[in-house]
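As stored in work05.cif (mmCIF, C-alpha atoms and all ligand atoms):
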data_input
#
loop_
_atom_site.group_PDB
_atom_site.id
_atom_site.type_symbol
_atom_site.label_atom_id
_atom_site.label_comp_id
_atom_site.auth_asym_id
_atom_site.auth_seq_id
_atom_site.Cartn_x
_atom_site.Cartn_y
_atom_site.Cartn_z
ATOM 1 C CA MET A 1 0.000 0.000 0.000
ATOM 2 C CA THR A 2 1.338 3.415 -0.908
ATOM 3 C CA GLN A 3 1.862 5.826 1.964
ATOM 4 C CA PRO A 4 2.956 8.981 0.170
ATOM 5 C CA ASP A 5 3.845 10.909 3.332
ATOM 6 C CA THR A 6 6.209 8.288 4.716
ATOM 7 C CA SER A 7 9.906 7.647 4.527
ATOM 8 C CA ARG A 8 11.037 4.273 3.187
ATOM 9 C CA GLU A 9 12.626 1.795 5.593
ATOM 10 C CA VAL A 10 14.701 -1.300 4.829
ATOM 11 C CA SER A 11 12.450 -4.370 4.803
ATOM 12 C CA ARG A 12 15.231 -6.874 4.166
ATOM 13 C CA VAL A 13 19.004 -7.060 3.563
ATOM 14 C CA VAL A 14 20.259 -9.653 1.060
ATOM 15 C CA ASP A 15 23.859 -10.761 0.441
ATOM 16 C CA ALA A 16 24.868 -10.916 -3.223
ATOM 17 C CA HIS A 17 26.197 -14.279 -4.386
ATOM 18 C CA THR A 18 29.064 -14.780 -6.802
ATOM 19 C CA GLN A 19 28.807 -16.758 -10.015
ATOM 20 C CA ARG A 20 30.263 -17.116 -13.491
ATOM 21 C CA GLU A 21 28.488 -15.680 -16.536
ATOM 22 C CA GLY A 22 28.966 -15.526 -20.299
ATOM 23 C CA ALA A 23 32.299 -17.082 -21.290
ATOM 24 C CA GLY A 24 33.316 -17.313 -17.622
ATOM 25 C CA PHE A 25 33.602 -13.852 -16.045
ATOM 26 C CA LEU A 26 32.727 -13.463 -12.366
ATOM 27 C CA VAL A 27 29.739 -11.422 -11.274
ATOM 28 C CA ARG A 28 28.402 -10.447 -7.875
ATOM 29 C CA ARG A 29 24.606 -10.898 -8.099
ATOM 30 C CA PRO A 30 22.154 -9.618 -5.489
ATOM 31 C CA VAL A 31 19.087 -10.198 -7.759
ATOM 32 C CA PRO A 32 17.987 -12.896 -8.361
ATOM 33 C CA THR A 33 19.378 -14.675 -5.352
ATOM 34 C CA ALA A 34 18.080 -17.211 -2.837
ATOM 35 C CA GLY A 35 14.614 -16.102 -1.777
ATOM 36 C CA LEU A 36 14.559 -13.009 -4.000
ATOM 37 C CA ARG A 37 13.393 -13.881 -7.514
ATOM 38 C CA LEU A 38 12.991 -10.326 -8.795
ATOM 39 C CA VAL A 39 12.208 -6.797 -7.652
ATOM 40 C CA ASP A 40 9.493 -6.085 -10.230
ATOM 41 C CA PRO A 41 10.377 -4.652 -12.782
ATOM 42 C CA ILE A 42 14.085 -5.310 -11.999
ATOM 43 C CA LEU A 43 14.922 -8.860 -13.095
ATOM 44 C CA LEU A 44 18.661 -8.977 -12.530
ATOM 45 C CA ILE A 45 21.504 -6.940 -11.045
ATOM 46 C CA ASP A 46 25.035 -8.093 -11.938
ATOM 47 C CA GLU A 47 28.182 -6.369 -10.738
ATOM 48 C CA MET A 48 30.938 -7.369 -13.184
ATOM 49 C CA GLY A 49 34.271 -7.431 -11.382
ATOM 50 C CA PRO A 50 36.180 -5.447 -10.330
ATOM 51 C CA VAL A 51 38.662 -7.748 -12.032
ATOM 52 C CA GLU A 52 42.220 -7.171 -13.250
ATOM 53 C CA TYR A 53 42.831 -9.188 -16.422
ATOM 54 C CA ALA A 54 46.244 -10.319 -17.626
ATOM 55 C CA PRO A 55 46.927 -10.000 -21.388
ATOM 56 C CA GLY A 56 44.806 -12.522 -23.335
ATOM 57 C CA GLU A 57 42.701 -13.363 -20.283
ATOM 58 C CA ALA A 58 39.658 -11.058 -20.544
ATOM 59 C CA VAL A 59 36.366 -12.769 -21.328
ATOM 60 C CA GLY A 60 32.870 -11.449 -21.956
ATOM 61 C CA ALA A 61 29.566 -12.631 -23.375
ATOM 62 C CA PRO A 62 29.928 -13.461 -27.080
ATOM 63 C CA ASP A 63 26.916 -13.574 -29.456
ATOM 64 C CA HIS A 64 23.699 -14.444 -27.598
ATOM 65 C CA PRO A 65 20.027 -13.461 -27.975
ATOM 66 C CA HIS A 66 17.551 -11.577 -25.777
ATOM 67 C CA ARG A 67 13.782 -11.005 -26.028
ATOM 68 C CA GLY A 68 11.158 -9.378 -23.844
ATOM 69 C CA PHE A 69 13.123 -6.923 -21.678
ATOM 70 C CA GLU A 70 15.880 -4.288 -21.545
ATOM 71 C CA THR A 71 19.564 -4.671 -20.646
ATOM 72 C CA VAL A 72 21.390 -1.710 -19.139
ATOM 73 C CA THR A 73 25.173 -1.693 -18.996
ATOM 74 C CA TYR A 74 26.955 0.896 -16.843
ATOM 75 C CA LEU A 75 30.716 0.835 -16.885
ATOM 76 C CA LEU A 76 32.852 2.084 -13.971
ATOM 77 C CA GLU A 77 36.307 1.023 -15.159
ATOM 78 C CA GLY A 78 37.788 -0.484 -18.311
ATOM 79 C CA GLU A 79 36.324 -0.669 -21.806
ATOM 80 C CA PHE A 80 33.484 -2.778 -23.155
ATOM 81 C CA GLU A 81 32.481 -3.295 -26.742
ATOM 82 C CA HIS A 82 28.930 -3.914 -27.883
ATOM 83 C CA GLU A 83 27.664 -5.162 -31.246
ATOM 84 C CA ASP A 84 24.184 -6.333 -32.154
ATOM 85 C CA SER A 85 22.059 -7.749 -34.944
ATOM 86 C CA ALA A 86 20.157 -4.458 -35.312
ATOM 87 C CA GLY A 87 23.418 -2.909 -36.581
ATOM 88 C CA HIS A 88 24.362 -1.043 -33.394
ATOM 89 C CA HIS A 89 27.942 -0.833 -32.285
ATOM 90 C CA GLY A 90 29.417 0.985 -29.312
ATOM 91 C CA LEU A 91 32.563 1.197 -27.232
ATOM 92 C CA LEU A 92 31.793 1.898 -23.568
ATOM 93 C CA ARG A 93 34.290 3.757 -21.431
ATOM 94 C CA PRO A 94 34.135 4.552 -17.687
ATOM 95 C CA GLY A 95 30.864 6.299 -16.798
ATOM 96 C CA ASP A 96 29.200 5.439 -20.121
ATOM 97 C CA VAL A 97 25.776 3.816 -20.210
ATOM 98 C CA GLN A 98 24.185 1.567 -22.782
ATOM 99 C CA TRP A 99 20.441 1.126 -22.520
ATOM 100 C CA MET A 100 19.385 -1.640 -24.907
ATOM 101 C CA THR A 101 15.775 -2.571 -25.478
ATOM 102 C CA ALA A 102 15.832 -6.150 -26.754
ATOM 103 C CA GLY A 103 12.077 -6.019 -27.360
ATOM 104 C CA GLY A 104 11.067 -8.586 -30.015
ATOM 105 C CA GLY A 105 14.573 -9.954 -30.274
ATOM 106 C CA VAL A 106 18.179 -9.072 -30.751
ATOM 107 C CA VAL A 107 21.466 -10.988 -30.894
ATOM 108 C CA HIS A 108 24.290 -9.109 -29.244
ATOM 109 C CA SER A 109 27.855 -9.472 -28.075
ATOM 110 C CA GLU A 110 29.245 -7.816 -24.937
ATOM 111 C CA MET A 111 33.015 -8.109 -24.679
ATOM 112 C CA PRO A 112 35.905 -6.319 -23.015
ATOM 113 C CA SER A 113 37.445 -4.137 -25.750
ATOM 114 C CA ARG A 114 39.968 -5.686 -28.104
ATOM 115 C CA ARG A 115 42.647 -3.556 -26.408
ATOM 116 C CA ILE A 116 41.838 -5.028 -22.984
ATOM 117 C CA GLN A 117 41.651 -8.546 -24.451
ATOM 118 C CA ARG A 118 45.122 -7.999 -25.958
ATOM 119 C CA GLU A 119 46.886 -5.980 -23.241
ATOM 120 C CA GLY A 120 44.877 -6.829 -20.110
ATOM 121 C CA GLY A 121 43.439 -4.276 -17.671
ATOM 122 C CA LYS A 122 40.805 -3.639 -15.065
ATOM 123 C CA VAL A 123 37.076 -4.073 -15.709
ATOM 124 C CA HIS A 124 34.295 -3.048 -13.335
ATOM 125 C CA GLY A 125 30.675 -2.313 -14.137
ATOM 126 C CA PHE A 126 27.053 -3.292 -13.901
ATOM 127 C CA GLN A 127 24.453 -4.968 -16.021
ATOM 128 C CA ILE A 128 20.834 -4.585 -14.979
ATOM 129 C CA TRP A 129 17.856 -6.280 -16.640
ATOM 130 C CA ILE A 130 14.567 -4.389 -16.613
ATOM 131 C CA ASN A 131 11.375 -6.145 -17.593
ATOM 132 C CA LEU A 132 8.935 -4.921 -20.241
ATOM 133 C CA PRO A 133 5.145 -5.206 -19.936
ATOM 134 C CA ALA A 134 3.288 -7.595 -22.292
ATOM 135 C CA ARG A 135 2.333 -4.717 -24.617
ATOM 136 C CA LEU A 136 6.050 -3.873 -25.186
ATOM 137 C CA LYS A 137 7.696 -7.298 -25.120
ATOM 138 C CA LEU A 138 7.833 -7.514 -28.909
ATOM 139 C CA THR A 139 8.587 -3.830 -29.500
ATOM 140 C CA GLN A 140 11.259 -2.754 -31.985
ATOM 141 C CA PRO A 141 14.807 -3.192 -30.583
ATOM 142 C CA ARG A 142 16.369 0.107 -29.498
ATOM 143 C CA TYR A 143 19.852 1.160 -28.469
ATOM 144 C CA GLN A 144 20.723 4.260 -26.442
ATOM 145 C CA GLY A 145 24.453 4.751 -25.977
ATOM 146 C CA ILE A 146 25.179 7.675 -23.658
ATOM 147 C CA GLU A 147 28.684 8.903 -22.958
ATOM 148 C CA ALA A 148 29.724 9.772 -19.390
ATOM 149 C CA SER A 149 29.906 13.490 -20.237
ATOM 150 C CA ARG A 150 26.182 13.458 -21.091
ATOM 151 C CA ILE A 151 25.069 11.701 -17.888
ATOM 152 C CA PRO A 152 23.686 14.417 -15.551
ATOM 153 C CA LYS A 153 25.605 14.722 -12.285
ATOM 154 C CA ALA A 154 24.931 16.689 -9.103
ATOM 155 C CA THR A 155 26.498 17.340 -5.706
ATOM 156 C CA SER A 156 24.719 18.042 -2.409
ATOM 157 C CA ALA A 157 25.016 21.557 -0.906
ATOM 158 C CA ASP A 158 27.503 20.312 1.725
ATOM 159 C CA GLY A 159 29.606 18.550 -0.934
ATOM 160 C CA LEU A 160 29.379 15.191 0.863
ATOM 161 C CA ALA A 161 27.128 13.396 -1.641
ATOM 162 C CA ARG A 162 27.522 13.090 -5.398
ATOM 163 C CA VAL A 163 25.222 11.411 -7.895
ATOM 164 C CA SER A 164 25.176 10.338 -11.532
ATOM 165 C CA VAL A 165 21.584 10.251 -12.715
ATOM 166 C CA ILE A 166 21.204 7.491 -15.286
ATOM 167 C CA ALA A 167 17.415 7.295 -14.899
ATOM 168 C CA GLY A 168 15.033 9.385 -12.811
ATOM 169 C CA GLU A 169 15.838 12.647 -11.040
ATOM 170 C CA ALA A 170 18.029 13.608 -8.037
ATOM 171 C CA LEU A 171 19.356 16.875 -6.531
ATOM 172 C CA GLY A 172 17.779 18.753 -9.442
ATOM 173 C CA ALA A 173 19.505 16.653 -12.138
ATOM 174 C CA LYS A 174 17.193 14.908 -14.584
ATOM 175 C CA ALA A 175 18.169 11.850 -16.676
ATOM 176 C CA VAL A 176 18.609 12.146 -20.445
ATOM 177 C CA ILE A 177 17.814 8.498 -21.147
ATOM 178 C CA ASP A 178 14.322 7.612 -22.310
ATOM 179 C CA THR A 179 12.892 4.549 -20.531
ATOM 180 C CA HIS A 180 9.880 2.506 -21.677
ATOM 181 C CA THR A 181 8.607 2.179 -18.084
ATOM 182 C CA PRO A 182 9.257 4.549 -15.146
ATOM 183 C CA VAL A 183 12.665 3.639 -13.690
ATOM 184 C CA VAL A 184 15.159 5.196 -11.246
ATOM 185 C CA PHE A 185 18.860 4.334 -11.706
ATOM 186 C CA GLN A 186 21.350 6.456 -9.758
ATOM 187 C CA ASP A 187 25.007 5.972 -8.795
ATOM 188 C CA TRP A 188 25.677 7.650 -5.420
ATOM 189 C CA THR A 189 28.962 8.422 -3.676
ATOM 190 C CA LEU A 190 28.493 9.248 0.036
ATOM 191 C CA GLU A 191 31.331 10.605 2.143
ATOM 192 C CA PRO A 192 31.269 10.122 5.930
ATOM 193 C CA GLY A 193 28.764 12.632 7.356
ATOM 194 C CA ALA A 194 26.593 12.752 4.224
ATOM 195 C CA ASP A 195 22.897 12.865 5.162
ATOM 196 C CA LEU A 196 20.192 13.071 2.499
ATOM 197 C CA ARG A 197 16.453 12.735 2.151
ATOM 198 C CA LEU A 198 15.591 11.908 -1.438
ATOM 199 C CA PRO A 199 12.242 11.670 -3.147
ATOM 200 C CA VAL A 200 11.574 8.169 -4.533
ATOM 201 C CA PRO A 201 8.319 7.777 -6.501
ATOM 202 C CA PRO A 202 5.655 6.195 -4.215
ATOM 203 C CA GLY A 203 4.584 2.766 -5.443
ATOM 204 C CA HIS A 204 7.943 2.041 -7.111
ATOM 205 C CA ARG A 205 9.734 -1.092 -5.917
ATOM 206 C CA ALA A 206 13.125 0.149 -4.761
ATOM 207 C CA VAL A 207 16.502 -1.219 -3.669
ATOM 208 C CA VAL A 208 19.881 0.111 -2.594
ATOM 209 C CA TYR A 209 22.924 -1.964 -3.609
ATOM 210 C CA VAL A 210 26.192 -1.009 -1.869
ATOM 211 C CA PHE A 211 29.310 -1.840 -3.910
ATOM 212 C CA GLN A 212 31.922 -0.015 -1.861
ATOM 213 C CA GLY A 213 32.119 0.824 1.861
ATOM 214 C CA GLU A 214 28.895 0.989 3.856
ATOM 215 C CA ALA A 215 25.873 3.261 4.134
ATOM 216 C CA LEU A 216 23.041 3.822 6.614
ATOM 217 C CA VAL A 217 19.685 3.366 4.886
ATOM 218 C CA GLY A 218 16.254 4.591 6.033
ATOM 219 C CA GLU A 219 15.295 6.720 9.033
ATOM 220 C CA ARG A 220 16.278 3.830 11.309
ATOM 221 C CA GLY A 221 19.757 3.825 9.797
ATOM 222 C CA GLN A 222 20.041 0.177 8.766
ATOM 223 C CA ARG A 223 23.736 -0.489 8.084
ATOM 224 C CA VAL A 224 24.236 -1.920 4.564
ATOM 225 C CA ARG A 225 27.710 -3.112 3.593
ATOM 226 C CA GLU A 226 29.569 -3.732 0.342
ATOM 227 C CA GLY A 227 27.985 -6.643 -1.531
ATOM 228 C CA GLN A 228 24.632 -6.228 0.228
ATOM 229 C CA LEU A 229 21.295 -5.161 -1.196
ATOM 230 C CA ALA A 230 18.632 -3.441 0.889
ATOM 231 C CA LEU A 231 15.045 -4.032 -0.191
ATOM 232 C CA LEU A 232 12.981 -0.956 0.683
ATOM 233 C CA GLY A 233 9.407 -0.694 1.881
ATOM 234 C CA ASP A 234 7.078 1.808 0.221
ATOM 235 C CA GLY A 235 7.073 5.551 0.837
ATOM 236 C CA ALA A 236 7.788 8.854 -0.866
ATOM 237 C CA THR A 237 11.271 9.598 0.452
ATOM 238 C CA LEU A 238 14.462 7.785 1.372
ATOM 239 C CA ARG A 239 17.082 8.816 3.915
ATOM 240 C CA LEU A 240 20.673 7.878 3.058
ATOM 241 C CA ARG A 241 23.673 8.527 5.288
ATOM 242 C CA GLY A 242 27.372 7.912 4.773
ATOM 243 C CA GLY A 243 29.310 5.405 6.894
ATOM 244 C CA SER A 244 32.868 5.429 8.243
ATOM 245 C CA SER A 245 34.513 5.537 4.786
ATOM 246 C CA THR A 246 33.447 6.577 1.270
ATOM 247 C CA ALA A 247 30.406 4.576 0.155
ATOM 248 C CA ARG A 248 29.344 3.831 -3.410
ATOM 249 C CA LEU A 249 25.829 2.559 -4.036
ATOM 250 C CA LEU A 250 23.188 2.194 -6.704
ATOM 251 C CA LEU A 251 19.648 3.352 -6.017
ATOM 252 C CA LEU A 252 17.363 1.382 -8.334
ATOM 253 C CA ALA A 253 13.580 1.611 -8.493
ATOM 254 C CA GLY A 254 10.782 0.992 -10.954
ATOM 255 C CA ALA A 255 7.028 0.983 -11.347
ATOM 256 C CA PRO A 256 6.005 -2.670 -10.904
ATOM 257 C CA ILE A 257 4.586 -4.344 -14.023
ATOM 258 C CA GLU A 258 2.613 -6.955 -12.014
ATOM 259 C CA GLU A 259 2.326 -9.549 -14.787
ATOM 260 C CA PRO A 260 3.363 -13.230 -14.793
ATOM 261 C CA VAL A 261 7.112 -13.659 -15.446
ATOM 262 C CA ALA A 262 8.280 -16.654 -17.487
ATOM 263 C CA HIS A 263 12.079 -16.730 -17.680
ATOM 264 C CA TYR A 264 14.286 -19.081 -19.667
ATOM 265 C CA GLY A 265 17.959 -18.114 -20.079
ATOM 266 C CA PRO A 266 18.122 -14.946 -22.177
ATOM 267 C CA PHE A 267 14.352 -14.672 -22.721
ATOM 268 C CA VAL A 268 11.789 -13.170 -20.337
ATOM 269 C CA MET A 269 8.146 -13.438 -21.388
ATOM 270 C CA ASN A 270 4.725 -13.832 -19.722
ATOM 271 C CA THR A 271 4.022 -17.496 -20.558
ATOM 272 C CA ARG A 272 5.828 -20.761 -21.238
ATOM 273 C CA GLU A 273 4.388 -20.840 -24.778
ATOM 274 C CA GLU A 274 5.933 -17.432 -25.492
ATOM 275 C CA LEU A 275 9.302 -18.747 -24.279
ATOM 276 C CA GLU A 276 9.028 -21.747 -26.606
ATOM 277 C CA GLN A 277 8.231 -19.360 -29.472
ATOM 278 C CA ALA A 278 11.291 -17.243 -28.552
ATOM 279 C CA VAL A 279 13.562 -20.303 -28.711
ATOM 280 C CA LEU A 280 12.069 -21.294 -32.096
ATOM 281 C CA ASP A 281 12.417 -17.759 -33.473
ATOM 282 C CA TYR A 282 16.038 -17.551 -32.334
ATOM 283 C CA ARG A 283 16.924 -20.990 -33.764
ATOM 284 C CA SER A 284 15.327 -20.142 -37.097
ATOM 285 C CA GLY A 285 17.339 -16.920 -37.336
ATOM 286 C CA LYS A 286 14.449 -14.476 -36.802
ATOM 287 C CA MET A 287 16.473 -12.466 -34.261
ATOM 288 C CA GLY A 288 19.149 -11.899 -36.893
ATOM 289 C CA GLU A 289 22.910 -12.096 -36.614
ATOM 290 C CA ILE A 290 25.735 -9.656 -36.055
ATOM 291 C CA THR A 291 27.320 -8.327 -39.237
ATOM 292 C CA ARG A 292 30.958 -7.662 -38.397
ATOM 293 C CA THR A 293 33.303 -5.256 -40.069
ATOM 294 C CA ALA A 294 36.984 -4.781 -39.260
ATOM 295 C CA ARG A 295 37.448 -2.400 -36.349
ATOM 296 C CA LEU A 296 40.405 -1.362 -34.281
ATOM 297 C CA HIS A 297 40.039 -0.798 -30.552
HETATM 298 CO CO CO B 301 23.306 -9.902 -23.173
#

As a first step, turn the structure in this file into structure tokens.
Ligand code: CO
Amino acid sequence: MTQPDTSREVSRVVDAHTQREGAGFLVRRPVPTAGLRLVDPILLIDEMGPVEYAPGEAVGAPDHPHRGFETVTYLLEGEFEHEDSAGHHGLLRPGDVQWMTAGGGVVHSEMPSRRIQREGGKVHGFQIWINLPARLKLTQPRYQGIEASRIPKATSADGLARVSVIAGEALGAKAVIDTHTPVVFQDWTLEPGADLRLPVPPGHRAVVYVFQGEALVGERGQRVREGQLALLGDGATLRLRGGSSTARLLLLAGAPIEEPVAHYGPFVMNTREELEQAVLDYRSGKMGEITRTARLH
């Protein structure tokens, strides 16, 4: 139930688990994890790395399909290269965001850049999956590649909190990315002593994922540490405070879609029949293939 005049409190803290993805890179994954299947509309949160690759060691996720949702890649360190069957190509650098709507179907490749594959280097970033409602599951694929310099940033009046606004609005900065459903995606840095009360749209499902240091979340000041996700109860505002060292966290929220979720590997639909159709369409080539040209990165 929405209580628009209330501040959100932490309803549960979940530890991310670690697992291998794609061709074998390690991710820290707070959603889905044991007992937390999704945070409607957020289907998955993967923290890639941080990992330091030796020359020839970097791996990513070579050609694979998606249908029925959106993948958002946000890079903190390193370089990532994207190519897809809709003809999009992008090189992501630190702070860059790629918001890809798979919609009816796309085949894409997400790899550390050729330079990092060759020379080695550090890679750290996020990939978030956001569901689409039934009416948009087969929409036209779309790609929004936004460079770090175009991501709105803001600092609190006391200078102790900084934010990059990838989706939604914070400290007067409004996102430039267009989302199919209402979503909040913010990267916060909180120094010790930071103390904020932020508006978070009432009714949105919301989480805080801490990926460095620790933060105090909610009026009650629940301590949330690196690698932990705080699930938030409903309300119109959220209080965030810094801990004993610099904290980095993602604030993620979205308007719940409230439809059945059928998930099989890279496809997320409403029913089992739609998943079977997705597999058939992929196998028969209906999601296309990546046309590669020689590139130097
Ligand atoms: Co993918």

Non-local contacts of Val51 of chain A (12 Å; only C-alpha atoms; under 4 positions in same chain excluded) as a PDB file with C-alpha atoms, in the coordinates of the input:
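Written file, part26.pdb:
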ATOM      1  CA  PHE A  25      33.602 -13.852 -16.045  1.00  0.00           C
ATOM      2  CA  LEU A  26      32.727 -13.463 -12.366  1.00  0.00           C
ATOM      3  CA  VAL A  27      29.739 -11.422 -11.274  1.00  0.00           C
ATOM      4  CA  ARG A  28      28.402 -10.447  -7.875  1.00  0.00           C
ATOM      5  CA  GLU A  47      28.182  -6.369 -10.738  1.00  0.00           C
ATOM      6  CA  GLU A  57      42.701 -13.363 -20.283  1.00  0.00           C
ATOM      7  CA  ALA A  58      39.658 -11.058 -20.544  1.00  0.00           C
ATOM      8  CA  VAL A  59      36.366 -12.769 -21.328  1.00  0.00           C
ATOM      9  CA  LEU A  76      32.852   2.084 -13.971  1.00  0.00           C
ATOM     10  CA  GLU A  77      36.307   1.023 -15.159  1.00  0.00           C
ATOM     11  CA  GLY A  78      37.788  -0.484 -18.311  1.00  0.00           C
ATOM     12  CA  PRO A 112      35.905  -6.319 -23.015  1.00  0.00           C
ATOM     13  CA  ILE A 116      41.838  -5.028 -22.984  1.00  0.00           C
ATOM     14  CA  GLY A 120      44.877  -6.829 -20.110  1.00  0.00           C
ATOM     15  CA  GLY A 121      43.439  -4.276 -17.671  1.00  0.00           C
ATOM     16  CA  LYS A 122      40.805  -3.639 -15.065  1.00  0.00           C
ATOM     17  CA  VAL A 123      37.076  -4.073 -15.709  1.00  0.00           C
ATOM     18  CA  HIS A 124      34.295  -3.048 -13.335  1.00  0.00           C
ATOM     19  CA  GLY A 125      30.675  -2.313 -14.137  1.00  0.00           C
TER      20      GLY A 125
END

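Every residue that the PyMOL selection byres (((chain A and resi 145-155) around 8) and not hetatm) selects in this file is listed here: Gly90, Leu92, Arg93, Pro94, Gly95, Asp96, Val97, Gln98, Trp99, Tyr143, Gln144, Ser156, Ala157, Gly159, Leu160, Ala161, Arg162, Val163, Ser164, Val165, Ile166, Ala170, Leu171, Gly172, Ala173, Lys174, Ala175, Val176 and Ile177 of chain A.
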
*So which residues fall inside 9 Å of (19.0, -13.0, -27.7) if we count only C-alpha atoms? Mind giving them as a PyMOL selection string?*
chain A and resi 63-67+102+105-108+266-267+278+282+287

*So which residues fall inside 9 Å of (23.0, -10.0, -12.3) if we count all atoms listed in the file? Mind giving them as a ChimeraX atom specification?*
/A:21,27-32,43-48,126-129

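Relative to atom CA of Tyr74 of chain A, atom CA of Glu119 of chain A is found at 22.0 Å.
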
*Apply the PyMOL selection byres (((chain A and resi 290) around 6) and not hetatm) to the structure shown and report the selected residues as an MDAnalysis selection string.*
chainID A and resid 84:85 289 291

Using the chain letters and numbers from the file, which residues does the PyMOL selection byres (((chain A and resi 207) around 7) and not hetatm) grab, as a PDB file with C-alpha atoms, keeping the file's coordinate frame?
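File produced: selection_39.pdb:
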ATOM      1  CA  ALA A 206      13.125   0.149  -4.761  1.00  0.00           C
ATOM      2  CA  VAL A 208      19.881   0.111  -2.594  1.00  0.00           C
ATOM      3  CA  TYR A 209      22.924  -1.964  -3.609  1.00  0.00           C
ATOM      4  CA  LEU A 229      21.295  -5.161  -1.196  1.00  0.00           C
ATOM      5  CA  ALA A 230      18.632  -3.441   0.889  1.00  0.00           C
ATOM      6  CA  LEU A 231      15.045  -4.032  -0.191  1.00  0.00           C
ATOM      7  CA  LEU A 232      12.981  -0.956   0.683  1.00  0.00           C
ATOM      8  CA  LEU A 251      19.648   3.352  -6.017  1.00  0.00           C
ATOM      9  CA  LEU A 252      17.363   1.382  -8.334  1.00  0.00           C
ATOM     10  CA  ALA A 253      13.580   1.611  -8.493  1.00  0.00           C
TER      11      ALA A 253
END

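By only C-alpha atoms, and with residues fewer than 6 positions from Val183 of chain A along its chain excluded, the set lying at most 7 Å from it is Ala167, Gly168, Ala253, Gly254 and Ala255 of chain A.
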
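Separating atom CA of Phe211 of chain A from atom CA of Ser245 of chain A is a distance of 12.5 Å.
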
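One distance worth recording is that between atom CA of Leu196 of chain A and atom CA of Pro256 of chain A, which is 25.1 Å.
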
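In terms of minimum interatomic distance to Asp234 of chain A, A:Gly203 ranks closest within A:Gly203, A:Glu219, A:Arg135, A:Arg115, counting all atoms listed in the file.
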
Enclosing box along x, y and z for every listed atom of segment 237-241 of chain A, padded 8 Å each side, centre and size in Å, one decimal, as lines of an AutoDock Vina configuration file:
center_x = 17.5
center_y = 8.7
center_z = 2.9
size_x = 28.4
size_y = 17.8
size_z = 20.8

_Which residues are close to Gly22 of chain A, i.e. within 8 Å by all atoms listed in the file, leaving aside same-chain residues fewer than 4 positions away? Reply as a ChimeraX atom specification._
/A:59-62

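Proximity ranking of A:Thr189, A:Gln117, A:Asn270, A:Thr101 relative to Leu240 of chain A places A:Thr189 first, based on all atoms listed in the file.
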
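Among the candidates A:Arg248, A:His82, A:Arg241, A:His88, the residue lying nearest to ligand CO 301 (chain B) is A:His82 (atoms considered: all atoms listed in the file).
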
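In this comparison, which uses only C-alpha atoms, the residue of A:Gln212, A:Ser284, A:Thr71, A:Thr179 approaching Ile130 of chain A most closely is A:Thr71.
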